[in-house]
file model_34.txt (compact mmCIF, C-alpha atoms)
# COMPACT_ATOMS: atom_id res chain seq x y z
CA MET A 206 0.44 9.26 7.71
CA THR A 207 1.55 11.72 5.06
CA GLU A 208 -1.00 13.83 3.21
CA ALA A 209 -0.03 12.18 -0.10
CA LYS A 210 -0.53 8.69 1.33
CA GLU A 211 -3.89 9.69 2.82
CA LYS A 212 -5.07 11.12 -0.54
CA ALA A 213 -3.83 8.04 -2.38
CA LEU A 214 -5.69 5.67 -0.05
CA LYS A 215 -8.88 7.72 -0.48
CA ILE A 216 -8.56 7.39 -4.25
CA LEU A 217 -8.24 3.61 -3.89
CA ASP A 218 -11.23 3.48 -1.53
CA LYS A 219 -13.46 5.48 -3.88
CA ASN A 220 -12.44 3.89 -7.18
CA GLU A 221 -12.68 0.21 -7.99
CA VAL A 222 -12.33 0.45 -11.77
CA GLY A 223 -8.91 1.19 -13.20
CA VAL A 224 -6.76 0.48 -16.22
CA LEU A 225 -4.31 -2.42 -16.06
CA ALA A 226 -1.48 -2.33 -18.60
CA THR A 227 0.76 -5.30 -19.34
CA VAL A 228 3.27 -6.09 -22.08
CA SER A 229 2.32 -8.48 -24.86
CA GLY A 230 4.92 -9.25 -27.50
CA ASN A 231 6.91 -6.11 -26.62
CA LYS A 232 3.84 -3.89 -26.96
CA PRO A 233 1.69 -2.38 -24.22
CA VAL A 234 -1.86 -3.68 -23.81
CA ALA A 235 -4.37 -1.98 -21.51
CA ARG A 236 -7.78 -3.02 -20.25
CA TYR A 237 -10.27 -1.92 -17.62
CA MET A 238 -10.31 -4.06 -14.50
CA ASP A 239 -12.26 -4.09 -11.25
CA PHE A 240 -9.81 -3.74 -8.35
CA LYS A 241 -10.07 -4.32 -4.63
CA SER A 242 -7.34 -2.90 -2.44
CA ASP A 243 -5.70 -3.77 0.84
CA ASP A 244 -3.59 -0.74 1.63
CA PHE A 245 -1.72 -0.39 -1.70
CA VAL A 246 -1.86 -4.05 -2.77
CA LEU A 247 -4.48 -4.50 -5.50
CA TYR A 248 -6.49 -7.61 -6.34
CA THR A 249 -8.56 -8.35 -9.42
CA VAL A 250 -10.33 -11.46 -10.70
CA THR A 251 -9.67 -12.83 -14.18
CA ASP A 252 -10.04 -15.99 -16.22
CA LYS A 253 -6.86 -18.05 -16.34
CA ARG A 254 -7.37 -18.59 -20.10
CA THR A 255 -7.01 -14.89 -20.98
CA GLU A 256 -4.16 -13.28 -22.88
CA LYS A 257 -3.39 -11.05 -19.90
CA VAL A 258 -2.44 -14.16 -17.90
CA GLU A 259 -0.06 -15.20 -20.69
CA ASP A 260 1.36 -11.67 -20.69
CA ILE A 261 1.94 -11.75 -16.93
CA GLU A 262 3.52 -15.20 -17.04
CA ALA A 263 6.01 -13.85 -19.60
CA ASN A 264 6.56 -10.49 -17.84
CA ASN A 265 5.06 -9.89 -14.41
CA HIS A 266 5.46 -6.11 -14.46
CA ALA A 267 2.29 -4.06 -14.81
CA PHE A 268 1.08 -0.49 -14.64
CA VAL A 269 -2.25 0.70 -13.22
CA LEU A 270 -4.10 3.99 -13.59
CA ILE A 271 -6.89 4.44 -11.09
CA GLY A 272 -9.05 7.38 -10.08
CA TYR A 273 -10.64 8.48 -13.35
CA GLU A 274 -14.21 9.74 -13.21
CA GLU A 275 -16.14 10.08 -16.45
CA GLY A 276 -16.49 13.69 -17.50
CA VAL A 277 -14.18 15.02 -14.77
CA PHE A 278 -10.79 16.02 -16.09
CA ASP A 279 -9.30 17.83 -13.09
CA LYS A 280 -9.49 14.91 -10.66
CA ASP A 281 -6.49 13.46 -8.84
CA TYR A 282 -5.51 9.92 -9.76
CA LEU A 283 -2.83 7.31 -9.11
CA GLU A 284 -0.16 5.69 -11.23
CA ILE A 285 0.98 2.38 -9.78
CA GLU A 286 3.93 0.34 -11.01
CA ALA A 287 3.52 -3.21 -9.72
CA THR A 288 4.65 -6.78 -9.96
CA VAL A 289 1.88 -9.31 -10.46
CA SER A 290 1.47 -12.76 -9.01
CA LEU A 291 -1.26 -15.25 -9.92
CA THR A 292 -3.19 -17.14 -7.27
CA GLN A 293 -6.30 -19.27 -6.85
CA ASP A 294 -6.44 -18.62 -3.09
CA GLN A 295 -10.12 -18.87 -2.19
CA ASP A 296 -9.94 -16.14 0.46
CA LEU A 297 -8.57 -13.72 -2.14
CA ILE A 298 -11.21 -14.79 -4.67
CA ASP A 299 -13.88 -14.07 -2.04
CA GLN A 300 -12.31 -10.69 -1.26
CA ALA A 301 -12.03 -9.62 -4.92
CA TRP A 302 -15.41 -11.01 -6.03
CA ASN A 303 -18.25 -8.82 -7.30
CA ASP A 304 -21.81 -10.02 -7.90
CA TYR A 305 -21.69 -9.20 -11.62
CA MET A 306 -19.04 -11.93 -11.96
CA ASP A 307 -21.79 -14.53 -11.53
CA ASP A 308 -22.66 -13.79 -15.18
CA THR A 309 -19.13 -14.67 -16.32
CA TYR A 310 -18.15 -17.55 -14.05
CA LYS A 311 -19.88 -20.62 -12.64
CA GLY A 312 -19.49 -19.19 -9.15
CA LYS A 313 -16.54 -18.46 -6.91
CA ASP A 314 -15.29 -22.04 -7.18
CA ASP A 315 -15.03 -21.97 -11.00
CA PRO A 316 -11.71 -23.69 -11.81
CA ASN A 317 -10.84 -21.00 -14.39
CA ILE A 318 -10.79 -18.14 -11.87
CA LEU A 319 -7.50 -16.53 -10.94
CA VAL A 320 -6.76 -13.53 -8.80
CA LEU A 321 -4.09 -11.15 -9.94
CA LYS A 322 -2.26 -9.78 -6.91
CA LEU A 323 -0.51 -6.52 -7.75
CA THR A 324 2.23 -5.60 -5.31
CA PRO A 325 3.25 -1.96 -5.74
CA GLN A 326 6.83 -1.05 -6.55
CA LYS A 327 6.12 2.65 -7.04
CA VAL A 328 3.00 4.75 -6.40
CA THR A 329 2.62 8.27 -7.74
CA LEU A 330 -0.19 10.65 -6.84
CA LYS A 331 -1.05 12.81 -9.83
CA LEU A 332 -2.60 16.11 -8.80
CA LYS A 333 -4.44 17.01 -11.96
CA LYS A 334 -5.37 20.55 -10.96
CA ASP A 335 -1.72 21.53 -10.40
CA ASP A 336 -0.28 19.01 -12.88
CA GLU A 337 1.98 17.82 -10.06
CA SER A 338 3.38 14.32 -9.41
CA ILE A 339 3.99 13.27 -5.81
CA PRO A 340 5.72 9.99 -4.90
CA VAL A 341 3.74 8.11 -2.25
CA ALA A 342 5.53 6.18 0.49
CA PHE A 343 3.67 2.97 1.29

call {"tool": "encode", "arguments": {"input": "model_34.txt", "output": "structure tokens"}}
result
Amino acid sequence: MTEAKEKALKILDKNEVGVLATVSGNKPVARYMDFKSDDFVLYTVTDKRTEKVEDIEANNHAFVLIGYEEGVFDKDYLEIEATVSLTQDQDLIDQAWNDYMDDTYKGKDDPNILVLKLTPQKVTLKLKKDDESIPVAF
């Protein structure tokens, strides 16, 4: 495993919250999301009635920033270009679920739950200290 890939996987392991950007009406829209990862594939739970789902149905390309830590400005992070698919697969819902979601949904079997599966097309490790960008093979 390359050093860049190893660093990138550590960032994914340590950081669940990232920024998901989609395109809505030819304009970028970003929001914080809670991600789970399996290697470089990301999963996040959302409500199927949200605007982000409409955005993805119209254009399934997305961009993720992950690795930010509040108050720390010299920390490495990842930029991930991905294609997004929508699924209601119960195993993926279980995998991506967090307990705080009980406050939003009627449980894991809520019919409005979707999982966004983000399949990476390009991953870039951003070394903040050196202001360097390293492509990551995955």

call {"tool": "closest_residue", "arguments": {"input": "model_34.txt", "among": "A:Lys257, A:Lys212, A:Lys219, A:Lys331", "to": "Leu283 (chain A)", "atoms": "all atoms listed in the file"}}
result
A:Lys331

call {"tool": "closest_residue", "arguments": {"input": "model_34.txt", "among": "A:Asp260, A:Asp279, A:Asp336, A:Glu274", "to": "Asn231 (chain A)", "atoms": "all atoms listed in the file"}}
result
A:Asp260

call {"tool": "residues_around", "arguments": {"input": "model_34.txt", "residues": "Ile285 (chain A)", "least_positions_apart": "4", "cutoff": "9 Å", "atoms": "all atoms listed in the file", "output": "mmCIF file with C-alpha atoms, in the frame of the given file"}}
result
data_model
loop_
_atom_site.group_PDB
_atom_site.id
_atom_site.type_symbol
_atom_site.label_atom_id
_atom_site.label_comp_id
_atom_site.auth_asym_id
_atom_site.auth_seq_id
_atom_site.Cartn_x
_atom_site.Cartn_y
_atom_site.Cartn_z
ATOM 1 C CA PHE A 245 -1.720 -0.390 -1.700
ATOM 2 C CA ALA A 267 2.290 -4.060 -14.810
ATOM 3 C CA PHE A 268 1.080 -0.490 -14.640
ATOM 4 C CA VAL A 269 -2.250 0.700 -13.220
ATOM 5 C CA LEU A 270 -4.100 3.990 -13.590
ATOM 6 C CA ILE A 271 -6.890 4.440 -11.090
ATOM 7 C CA PRO A 325 3.250 -1.960 -5.740
ATOM 8 C CA GLN A 326 6.830 -1.050 -6.550
ATOM 9 C CA LYS A 327 6.120 2.650 -7.040
ATOM 10 C CA VAL A 328 3.000 4.750 -6.400
ATOM 11 C CA THR A 329 2.620 8.270 -7.740
ATOM 12 C CA LEU A 330 -0.190 10.650 -6.840
#

call {"tool": "residues_around", "arguments": {"input": "model_34.txt", "residues": "Asp243 (chain A)", "least_positions_apart": "6", "cutoff": "10 Å", "atoms": "only C-alpha atoms", "output": "PyMOL selection string"}}
result
chain A and resi 214+217-218+300

call {"tool": "closest_atom_pairs", "arguments": {"input": "model_34.txt", "of": "region 230-249 of chain A", "to": "region 290-296 of chain A", "cutoff": "12 Å", "atoms": "only C-alpha atoms", "output": "JSON lines"}}
result
{"residue": "A:Val246", "atom": "CA", "partner": "A:Ser290", "partner_atom": "CA", "distance": 11.2}
{"residue": "A:Leu247", "atom": "CA", "partner": "A:Ser290", "partner_atom": "CA", "distance": 10.8}
{"residue": "A:Tyr248", "atom": "CA", "partner": "A:Ser290", "partner_atom": "CA", "distance": 9.8}
{"residue": "A:Thr249", "atom": "CA", "partner": "A:Leu291", "partner_atom": "CA", "distance": 10.1}

call {"tool": "closest_residue", "arguments": {"input": "model_34.txt", "among": "A:Gly276, A:Pro340, A:Lys241, A:Ala263", "to": "Leu321 (chain A)", "atoms": "all atoms listed in the file"}}
result
A:Lys241

call {"tool": "closest_residue", "arguments": {"input": "model_34.txt", "among": "A:Thr207, A:Ser338, A:Ser229, A:Thr251", "to": "Asp315 (chain A)", "atoms": "all atoms listed in the file"}}
result
A:Thr251

call {"tool": "closest_residue", "arguments": {"input": "model_34.txt", "among": "A:Thr227, A:Asn317, A:Glu208, A:Asp335", "to": "Asn264 (chain A)", "atoms": "only C-alpha atoms"}}
result
A:Thr227

call {"tool": "atom_distance", "arguments": {"input": "model_34.txt", "atom1": "CA of Glu286 (chain A)", "atom2": "CA of Leu319 (chain A)"}}
result
20.4 Å

call {"tool": "atom_distance", "arguments": {"input": "model_34.txt", "atom1": "CA of Val222 (chain A)", "atom2": "CA of Asp244 (chain A)"}}
result
16.0 Å

call {"tool": "closest_residue", "arguments": {"input": "model_34.txt", "among": "A:Ala287, A:Val250, A:Ile339, A:Ala213", "to": "Tyr305 (chain A)", "atoms": "only C-alpha atoms"}}
result
A:Val250

call {"tool": "atom_distance", "arguments": {"input": "model_34.txt", "atom1": "CA of Val228 (chain A)", "atom2": "CA of Lys280 (chain A)"}}
result
27.1 Å

call {"tool": "decode", "arguments": {"input": "model_34.txt", "residues": "region 249-287 of chain A", "atoms": "N, CA and C atoms", "output": "compact mmCIF listing (two decimals), in the first residue's frame"}}
result
# COMPACT_ATOMS: atom_id res chain seq x y z
N THR A 249 -23.81 7.46 3.24
CA THR A 249 -24.43 8.39 4.16
C THR A 249 -25.95 8.26 4.04
N VAL A 250 -26.62 8.42 5.17
CA VAL A 250 -28.07 8.29 5.23
C VAL A 250 -28.70 9.66 4.97
N THR A 251 -29.81 9.65 4.23
CA THR A 251 -30.57 10.88 4.02
C THR A 251 -32.04 10.54 3.86
N ASP A 252 -32.86 11.57 3.87
CA ASP A 252 -34.29 11.43 3.64
C ASP A 252 -34.55 11.55 2.14
N LYS A 253 -35.34 10.65 1.60
CA LYS A 253 -35.56 10.64 0.15
C LYS A 253 -36.32 11.87 -0.33
N ARG A 254 -36.89 12.65 0.58
CA ARG A 254 -37.66 13.85 0.21
C ARG A 254 -36.81 15.12 0.18
N THR A 255 -35.50 14.99 0.36
CA THR A 255 -34.64 16.18 0.42
C THR A 255 -34.26 16.67 -0.97
N GLU A 256 -33.86 17.94 -1.01
CA GLU A 256 -33.41 18.53 -2.27
C GLU A 256 -32.15 17.85 -2.80
N LYS A 257 -31.30 17.37 -1.89
CA LYS A 257 -30.06 16.73 -2.37
C LYS A 257 -30.37 15.50 -3.20
N VAL A 258 -31.45 14.79 -2.86
CA VAL A 258 -31.84 13.62 -3.65
C VAL A 258 -32.29 14.06 -5.04
N GLU A 259 -33.04 15.14 -5.12
CA GLU A 259 -33.43 15.68 -6.42
C GLU A 259 -32.20 16.09 -7.22
N ASP A 260 -31.25 16.73 -6.54
CA ASP A 260 -30.00 17.13 -7.20
C ASP A 260 -29.29 15.92 -7.80
N ILE A 261 -29.17 14.86 -7.01
CA ILE A 261 -28.44 13.66 -7.43
C ILE A 261 -29.17 12.95 -8.56
N GLU A 262 -30.50 12.94 -8.51
CA GLU A 262 -31.25 12.31 -9.59
C GLU A 262 -31.04 13.06 -10.91
N ALA A 263 -30.83 14.37 -10.84
CA ALA A 263 -30.59 15.17 -12.04
C ALA A 263 -29.13 15.12 -12.49
N ASN A 264 -28.21 14.97 -11.53
CA ASN A 264 -26.77 14.96 -11.83
C ASN A 264 -26.09 14.19 -10.70
N ASN A 265 -25.65 12.98 -11.00
CA ASN A 265 -25.14 12.10 -9.94
C ASN A 265 -23.66 12.31 -9.60
N HIS A 266 -23.09 13.41 -10.02
CA HIS A 266 -21.70 13.71 -9.67
C HIS A 266 -21.67 14.55 -8.40
N ALA A 267 -20.75 14.22 -7.51
CA ALA A 267 -20.64 14.92 -6.24
C ALA A 267 -19.18 15.11 -5.87
N PHE A 268 -18.97 15.97 -4.90
CA PHE A 268 -17.63 16.28 -4.42
C PHE A 268 -17.68 16.26 -2.90
N VAL A 269 -16.69 15.62 -2.27
CA VAL A 269 -16.64 15.52 -0.81
C VAL A 269 -15.32 16.06 -0.31
N LEU A 270 -15.39 16.85 0.75
CA LEU A 270 -14.22 17.25 1.53
C LEU A 270 -14.35 16.56 2.87
N ILE A 271 -13.29 15.89 3.30
CA ILE A 271 -13.35 15.20 4.59
C ILE A 271 -11.98 15.25 5.25
N GLY A 272 -11.99 15.48 6.56
CA GLY A 272 -10.74 15.53 7.31
C GLY A 272 -10.56 16.80 8.10
N TYR A 273 -11.51 17.72 8.03
CA TYR A 273 -11.40 18.98 8.75
C TYR A 273 -11.57 18.76 10.25
N GLU A 274 -10.78 19.45 11.02
CA GLU A 274 -10.92 19.43 12.48
C GLU A 274 -11.02 20.88 12.95
N GLU A 275 -12.06 21.18 13.69
CA GLU A 275 -12.31 22.55 14.12
C GLU A 275 -11.09 23.13 14.83
N GLY A 276 -10.69 24.30 14.37
CA GLY A 276 -9.58 25.01 14.99
C GLY A 276 -8.20 24.56 14.54
N VAL A 277 -8.12 23.53 13.71
CA VAL A 277 -6.83 23.04 13.22
C VAL A 277 -6.76 23.32 11.72
N PHE A 278 -5.85 24.20 11.34
CA PHE A 278 -5.80 24.62 9.94
C PHE A 278 -4.63 24.03 9.16
N ASP A 279 -3.80 23.22 9.81
CA ASP A 279 -2.68 22.61 9.08
C ASP A 279 -2.82 21.10 9.04
N LYS A 280 -4.06 20.62 8.98
CA LYS A 280 -4.34 19.19 8.99
C LYS A 280 -4.58 18.69 7.56
N ASP A 281 -4.09 17.51 7.27
CA ASP A 281 -4.31 16.89 5.97
C ASP A 281 -5.79 16.55 5.81
N TYR A 282 -6.26 16.59 4.59
CA TYR A 282 -7.65 16.24 4.31
C TYR A 282 -7.76 15.63 2.92
N LEU A 283 -8.96 15.17 2.58
CA LEU A 283 -9.19 14.53 1.28
C LEU A 283 -10.21 15.31 0.46
N GLU A 284 -9.98 15.32 -0.84
CA GLU A 284 -10.97 15.76 -1.81
C GLU A 284 -11.35 14.51 -2.59
N ILE A 285 -12.64 14.25 -2.68
CA ILE A 285 -13.11 13.04 -3.37
C ILE A 285 -14.16 13.43 -4.41
N GLU A 286 -13.86 13.15 -5.67
CA GLU A 286 -14.85 13.28 -6.73
C GLU A 286 -15.52 11.92 -6.84
N ALA A 287 -16.86 11.91 -6.85
CA ALA A 287 -17.58 10.63 -6.82
C ALA A 287 -18.84 10.69 -7.66
